[in-house]
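Asks: I'd like to ask some things about the structure below.
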Amino acid sequence: MDNQKTVLIVEDEKNIVDILRFNLQREHYLTSEAYDGEDGLSKARAEKPDLILLDVMLPKMNGFDVCRALRQEGDNVPVIILTAREEEADKVLGLEIGADDYITKPFSMRELIARVGANIRRTAMAAPAAATAAASAMPVAGDLSINTDSHQVFRGGKAIDLTQREYELLTFLASHPNKVYSRVDLMEQVWNYGYVGDDVRTVDVTVRRLREKIEADPANPVFILTRRGAGYYFSV
Ligand code: CA
């Protein structure tokens with residue numbers, strides 16, 4: 001199988017690594033592993049995995065710093081943060097520093113495998129962002145334009161670095177201008193999972209991050225607007 005995908009597991013608890021490796025390999029993923037943050041970061045750089053499962057509390061360098069370092073280097077590999085159930089703040093922080101998703105421990109292996117698959121599929125749909133000109137991007141509103149071939153977004157001709165999820169959310173809303181979507185709708189349409197508990201907060205965090213990147217004044221957005229009590233919409 002040439003197109004086997006590789007998942008890098010960065011986790012210091014050996015028994016969790018063992019169970020993840022076993023289940024991922026059973027689903028035909030290749031796996032690689034690191035037991036501390038520094039090794040995780042260097043393996044992410046060297047091996048270019050298709051997805052990273054990233055624990056938060058790690059020796060040498062924590063998971064947030066690993067993710068932040070990758071994003072600062074322009075690496076948009078899908079990252080799923082593994083967080084303990086009680087660490088509610090971790091979920092939000094993880095998304096704010098550019099993780100694509102999080103899953104709480106103890107997790108169901110079926111859910112984890114589903115999320116790994118969903119996050120890899122989303123990235124696989126993205127064409128390689130090589131040799132793309134802002135000139136071929138389609139204007140969507142104001143000075144904002146999207147090149148759906150290269151999955152790049154531009155404002156005033158300048159490329160904006162979005163995570164895959166931010167890009168998906170933006171293009172989904174922009175392709176249905178002025179239509180209001182609830183957070184549950186967006187969870188289903190953009191994240192591709194059914195409504196699960198407090199996960200709708202993920203939508204709020206992603207909208208906030210997106211506004212910080214695409215809006216001239218994130219506090220007074222002009223592209224992605226809130227319809228109070230109803231949801232979000234792309235204004236044109
Ligand atoms: Ca740990």
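Scheme for the structure tokens: letters A, B, ... for chains in order shown; per-chain residue numbers from 1; ligand numbers from 1 in order shown.
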May I have all residues of stretch 4-228 of chain A that DSSP, computed from the backbone, assigns to strand (DSSP E or B), given as an MDAnalysis selection string?
Replies: chainID A and resid 6:10 30:34 51:55 79:84 101:105 138:141 144:147 152:155 158:160 181 224:227
Asks: What lies within 12 Å of A:Gly74 using only C-alpha atoms, ignoring chain neighbours under 5 positions off, as a PyMOL selection string?
Replies: chain A and resi 45+67-69+98+129+160-164
Asks: Mind dumping the selected residues with all heavy atoms as a compact mmCIF listing (two decimals), in the first residue's frame?
Replies:
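Resulting contents of again.txt:
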# COMPACT_ATOMS: atom_id res chain seq x y z
N ARG A 45 9.56 17.20 12.25
CA ARG A 45 10.31 17.90 11.20
C ARG A 45 10.93 16.92 10.22
O ARG A 45 10.93 17.13 9.01
CB ARG A 45 11.43 18.73 11.82
CG ARG A 45 10.95 19.97 12.56
CD ARG A 45 12.11 20.54 13.36
NE ARG A 45 11.76 21.80 14.00
CZ ARG A 45 12.36 22.24 15.10
NH1 ARG A 45 13.32 21.53 15.68
NH2 ARG A 45 12.01 23.41 15.62
N CYS A 67 3.47 22.15 19.29
CA CYS A 67 2.52 22.57 18.25
C CYS A 67 2.81 24.00 17.80
O CYS A 67 2.84 24.31 16.61
CB CYS A 67 1.10 22.46 18.80
SG CYS A 67 -0.16 22.82 17.57
N ARG A 68 3.07 24.85 18.78
CA ARG A 68 3.35 26.26 18.46
C ARG A 68 4.60 26.37 17.57
O ARG A 68 4.62 27.12 16.59
CB ARG A 68 3.56 27.03 19.77
CG ARG A 68 3.48 28.53 19.62
CD ARG A 68 3.70 29.21 20.97
NE ARG A 68 2.53 29.21 21.82
CZ ARG A 68 2.47 28.69 23.05
NH1 ARG A 68 3.52 28.10 23.59
NH2 ARG A 68 1.36 28.74 23.76
N ALA A 69 5.62 25.59 17.90
CA ALA A 69 6.86 25.63 17.11
C ALA A 69 6.59 25.19 15.67
O ALA A 69 7.07 25.82 14.73
CB ALA A 69 7.92 24.73 17.76
N GLY A 98 -3.18 26.56 17.49
CA GLY A 98 -3.16 26.02 16.13
C GLY A 98 -3.36 24.52 15.99
O GLY A 98 -3.18 23.99 14.91
N ALA A 129 0.18 23.32 -1.85
CA ALA A 129 0.07 24.77 -1.99
C ALA A 129 1.26 25.35 -2.72
O ALA A 129 1.78 26.40 -2.39
CB ALA A 129 -0.10 25.41 -0.63
N ILE A 160 -2.50 34.65 3.74
CA ILE A 160 -2.77 34.50 5.17
C ILE A 160 -2.58 33.04 5.52
O ILE A 160 -3.12 32.16 4.84
CB ILE A 160 -4.22 34.92 5.50
CG1 ILE A 160 -4.46 36.38 5.10
CG2 ILE A 160 -4.52 34.71 6.96
CD1 ILE A 160 -5.91 36.78 5.19
N ASP A 161 -1.83 32.79 6.57
CA ASP A 161 -1.53 31.42 6.95
C ASP A 161 -2.65 30.86 7.84
O ASP A 161 -2.79 31.26 8.99
CB ASP A 161 -0.18 31.39 7.69
CG ASP A 161 0.31 29.97 7.87
OD1 ASP A 161 -0.07 29.10 7.05
OD2 ASP A 161 1.04 29.72 8.83
N LEU A 162 -3.45 29.97 7.29
CA LEU A 162 -4.55 29.38 8.06
C LEU A 162 -4.28 27.90 8.29
O LEU A 162 -3.68 27.23 7.45
CB LEU A 162 -5.87 29.50 7.30
CG LEU A 162 -6.39 30.89 6.95
CD1 LEU A 162 -7.74 30.77 6.24
CD2 LEU A 162 -6.52 31.75 8.18
N THR A 163 -4.78 27.38 9.42
CA THR A 163 -4.77 25.93 9.58
C THR A 163 -5.81 25.36 8.63
O THR A 163 -6.69 26.07 8.13
CB THR A 163 -5.12 25.50 11.01
OG1 THR A 163 -6.48 25.85 11.28
CG2 THR A 163 -4.20 26.16 12.03
N GLN A 164 -5.71 24.06 8.40
CA GLN A 164 -6.67 23.42 7.51
C GLN A 164 -8.11 23.64 7.98
O GLN A 164 -9.00 23.90 7.20
CB GLN A 164 -6.34 21.93 7.43
CG GLN A 164 -7.14 21.16 6.41
CD GLN A 164 -6.95 21.69 5.00
OE1 GLN A 164 -5.93 22.29 4.68
NE2 GLN A 164 -7.96 21.49 4.16
Asks: Considering only C-alpha atoms and all ligand atoms, give me a table of residues in chain A that are at most 10 Å from ligand 1, with the closest atom pair and distance in Å for each, as a Markdown table.
Replies:
| residue | atom | partner | partner_atom_place_in_ligand_line | distance |
| --- | --- | --- | --- | --- |
| A:Val10 | CA | ligand 1 | 1 (Ca) | 8.9 |
| A:Glu11 | CA | ligand 1 | 1 (Ca) | 5.8 |
| A:Asp12 | CA | ligand 1 | 1 (Ca) | 5.1 |
| A:Glu13 | CA | ligand 1 | 1 (Ca) | 6.0 |
| A:Lys14 | CA | ligand 1 | 1 (Ca) | 9.6 |
| A:Ile16 | CA | ligand 1 | 1 (Ca) | 9.5 |
| A:Tyr35 | CA | ligand 1 | 1 (Ca) | 8.8 |
| A:Asp36 | CA | ligand 1 | 1 (Ca) | 8.6 |
| A:Gly37 | CA | ligand 1 | 1 (Ca) | 9.8 |
| A:Leu54 | CA | ligand 1 | 1 (Ca) | 9.3 |
| A:Asp55 | CA | ligand 1 | 1 (Ca) | 5.7 |
| A:Val56 | CA | ligand 1 | 1 (Ca) | 6.2 |
| A:Met57 | CA | ligand 1 | 1 (Ca) | 4.2 |
| A:Leu58 | CA | ligand 1 | 1 (Ca) | 4.8 |
| A:Pro59 | CA | ligand 1 | 1 (Ca) | 7.7 |
| A:Asn62 | CA | ligand 1 | 1 (Ca) | 8.7 |
| A:Gly63 | CA | ligand 1 | 1 (Ca) | 8.9 |
| A:Leu82 | CA | ligand 1 | 1 (Ca) | 8.9 |
| A:Thr83 | CA | ligand 1 | 1 (Ca) | 8.8 |
| A:Ala84 | CA | ligand 1 | 1 (Ca) | 9.3 |
Asks: Restrict the selected residues to N, CA and C atoms and save them as a PDB file, in the first residue's frame.
Replies:
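The result, stored in part34.pdb:
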ATOM      1  N   VAL A  10       3.064  11.299  19.989  1.00  0.00           N
ATOM      2  CA  VAL A  10       3.975  11.943  20.944  1.00  0.00           C
ATOM      3  C   VAL A  10       3.317  11.853  22.308  1.00  0.00           C
ATOM      4  N   GLU A  11       3.798  10.957  23.118  1.00  0.00           N
ATOM      5  CA  GLU A  11       3.127  10.599  24.374  1.00  0.00           C
ATOM      6  C   GLU A  11       4.155   9.914  25.259  1.00  0.00           C
ATOM      7  N   ASP A  12       4.219  10.338  26.523  1.00  0.00           N
ATOM      8  CA  ASP A  12       5.242   9.753  27.393  1.00  0.00           C
ATOM      9  C   ASP A  12       4.758   8.535  28.173  1.00  0.00           C
ATOM     10  N   GLU A  13       3.477   8.222  28.103  1.00  0.00           N
ATOM     11  CA  GLU A  13       2.994   7.038  28.819  1.00  0.00           C
ATOM     12  C   GLU A  13       3.035   5.836  27.878  1.00  0.00           C
ATOM     13  N   LYS A  14       3.956   4.935  28.199  1.00  0.00           N
ATOM     14  CA  LYS A  14       4.222   3.818  27.304  1.00  0.00           C
ATOM     15  C   LYS A  14       2.978   2.983  27.003  1.00  0.00           C
ATOM     16  N   ILE A  16      -0.089   3.914  26.876  1.00  0.00           N
ATOM     17  CA  ILE A  16      -0.974   4.609  25.921  1.00  0.00           C
ATOM     18  C   ILE A  16      -0.391   4.519  24.519  1.00  0.00           C
ATOM     19  N   TYR A  35       8.688  10.002  22.912  1.00  0.00           N
ATOM     20  CA  TYR A  35       8.287   9.945  24.318  1.00  0.00           C
ATOM     21  C   TYR A  35       8.549  11.255  25.066  1.00  0.00           C
ATOM     22  N   ASP A  36       9.041  12.240  24.349  1.00  0.00           N
ATOM     23  CA  ASP A  36       9.141  13.574  24.955  1.00  0.00           C
ATOM     24  C   ASP A  36       8.939  14.619  23.858  1.00  0.00           C
ATOM     25  N   GLY A  37       8.727  15.859  24.288  1.00  0.00           N
ATOM     26  CA  GLY A  37       8.378  16.905  23.341  1.00  0.00           C
ATOM     27  C   GLY A  37       9.489  17.238  22.351  1.00  0.00           C
ATOM     28  N   LEU A  54      -0.777  14.362  19.896  1.00  0.00           N
ATOM     29  CA  LEU A  54       0.155  15.091  20.743  1.00  0.00           C
ATOM     30  C   LEU A  54      -0.369  15.214  22.163  1.00  0.00           C
ATOM     31  N   ASP A  55       0.311  14.574  23.080  1.00  0.00           N
ATOM     32  CA  ASP A  55      -0.020  14.714  24.497  1.00  0.00           C
ATOM     33  C   ASP A  55       0.387  16.119  24.952  1.00  0.00           C
ATOM     34  N   VAL A  56      -0.227  16.601  26.028  1.00  0.00           N
ATOM     35  CA  VAL A  56       0.107  17.944  26.521  1.00  0.00           C
ATOM     36  C   VAL A  56       1.278  17.882  27.503  1.00  0.00           C
ATOM     37  N   MET A  57       1.123  17.091  28.542  1.00  0.00           N
ATOM     38  CA  MET A  57       2.152  17.028  29.572  1.00  0.00           C
ATOM     39  C   MET A  57       3.232  16.035  29.149  1.00  0.00           C
ATOM     40  N   LEU A  58       4.356  16.582  28.714  1.00  0.00           N
ATOM     41  CA  LEU A  58       5.441  15.758  28.192  1.00  0.00           C
ATOM     42  C   LEU A  58       6.759  16.197  28.813  1.00  0.00           C
ATOM     43  N   PRO A  59       7.716  15.300  28.967  1.00  0.00           N
ATOM     44  CA  PRO A  59       9.037  15.716  29.432  1.00  0.00           C
ATOM     45  C   PRO A  59       9.713  16.629  28.402  1.00  0.00           C
ATOM     46  N   ASN A  62       6.551  20.817  26.430  1.00  0.00           N
ATOM     47  CA  ASN A  62       5.160  20.362  26.458  1.00  0.00           C
ATOM     48  C   ASN A  62       4.522  20.397  25.074  1.00  0.00           C
ATOM     49  N   GLY A  63       3.372  19.736  24.986  1.00  0.00           N
ATOM     50  CA  GLY A  63       2.717  19.578  23.696  1.00  0.00           C
ATOM     51  C   GLY A  63       2.348  20.905  23.045  1.00  0.00           C
ATOM     52  N   LEU A  82      -4.071  15.412  22.801  1.00  0.00           N
ATOM     53  CA  LEU A  82      -4.628  14.456  23.756  1.00  0.00           C
ATOM     54  C   LEU A  82      -4.637  15.123  25.119  1.00  0.00           C
ATOM     55  N   THR A  83      -5.807  15.303  25.685  1.00  0.00           N
ATOM     56  CA  THR A  83      -5.858  16.040  26.934  1.00  0.00           C
ATOM     57  C   THR A  83      -6.695  15.287  27.962  1.00  0.00           C
ATOM     58  N   ALA A  84      -6.378  15.477  29.240  1.00  0.00           N
ATOM     59  CA  ALA A  84      -7.150  14.824  30.292  1.00  0.00           C
ATOM     60  C   ALA A  84      -8.501  15.516  30.426  1.00  0.00           C
TER      61      ALA A  84
END
Asks: Using only C-alpha atoms, which residues sit within 12 Å of A:Phe172 once same-chain residues fewer than 6 positions away are excluded, as a list in words?
Replies: Val140, Ile146, Thr148, Arg165, Glu166, Asn178, Lys179, Val180, Tyr181, Asp185, Leu186, Met187, Glu188, Gln189, Val190, Trp191, Ile224, Tyr232, Tyr233 and Phe234 of chain A
Asks: By how many Å are atom CA of A:Ile80 and atom CA of A:Val116 apart?
Replies: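 Computing it gives 7.8 Å between the two atoms.
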Asks: Closest to A:Leu53 among A:Leu20, A:Thr206, A:Gln152, A:Asn76, using only C-alpha atoms?
Replies: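 Counting only C-alpha atoms, the residue closest to A:Leu53 is A:Leu20.
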Asks: Write out as a PyMOL selection string the set of residues from chain A that DSSP, computed on the backbone, places in helix (DSSP H, G or I).
Replies: chain A and resi 14-26+37-47+63-72+88-96+109-124+134-136+164-174+183-189+197-214
Asks: Would you work out the distance separating atom CA of A:Thr6 from atom CA of A:Glu73, expressed in Å to one decimal?
Replies: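 Rounded to one decimal, the two atoms are 20.2 Å apart.
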Asks: At what distance in Å, to one decimal, does atom CA of A:Val203 lie from atom CA of A:Ala230?
Replies: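 So the answer is 13.1 Å.
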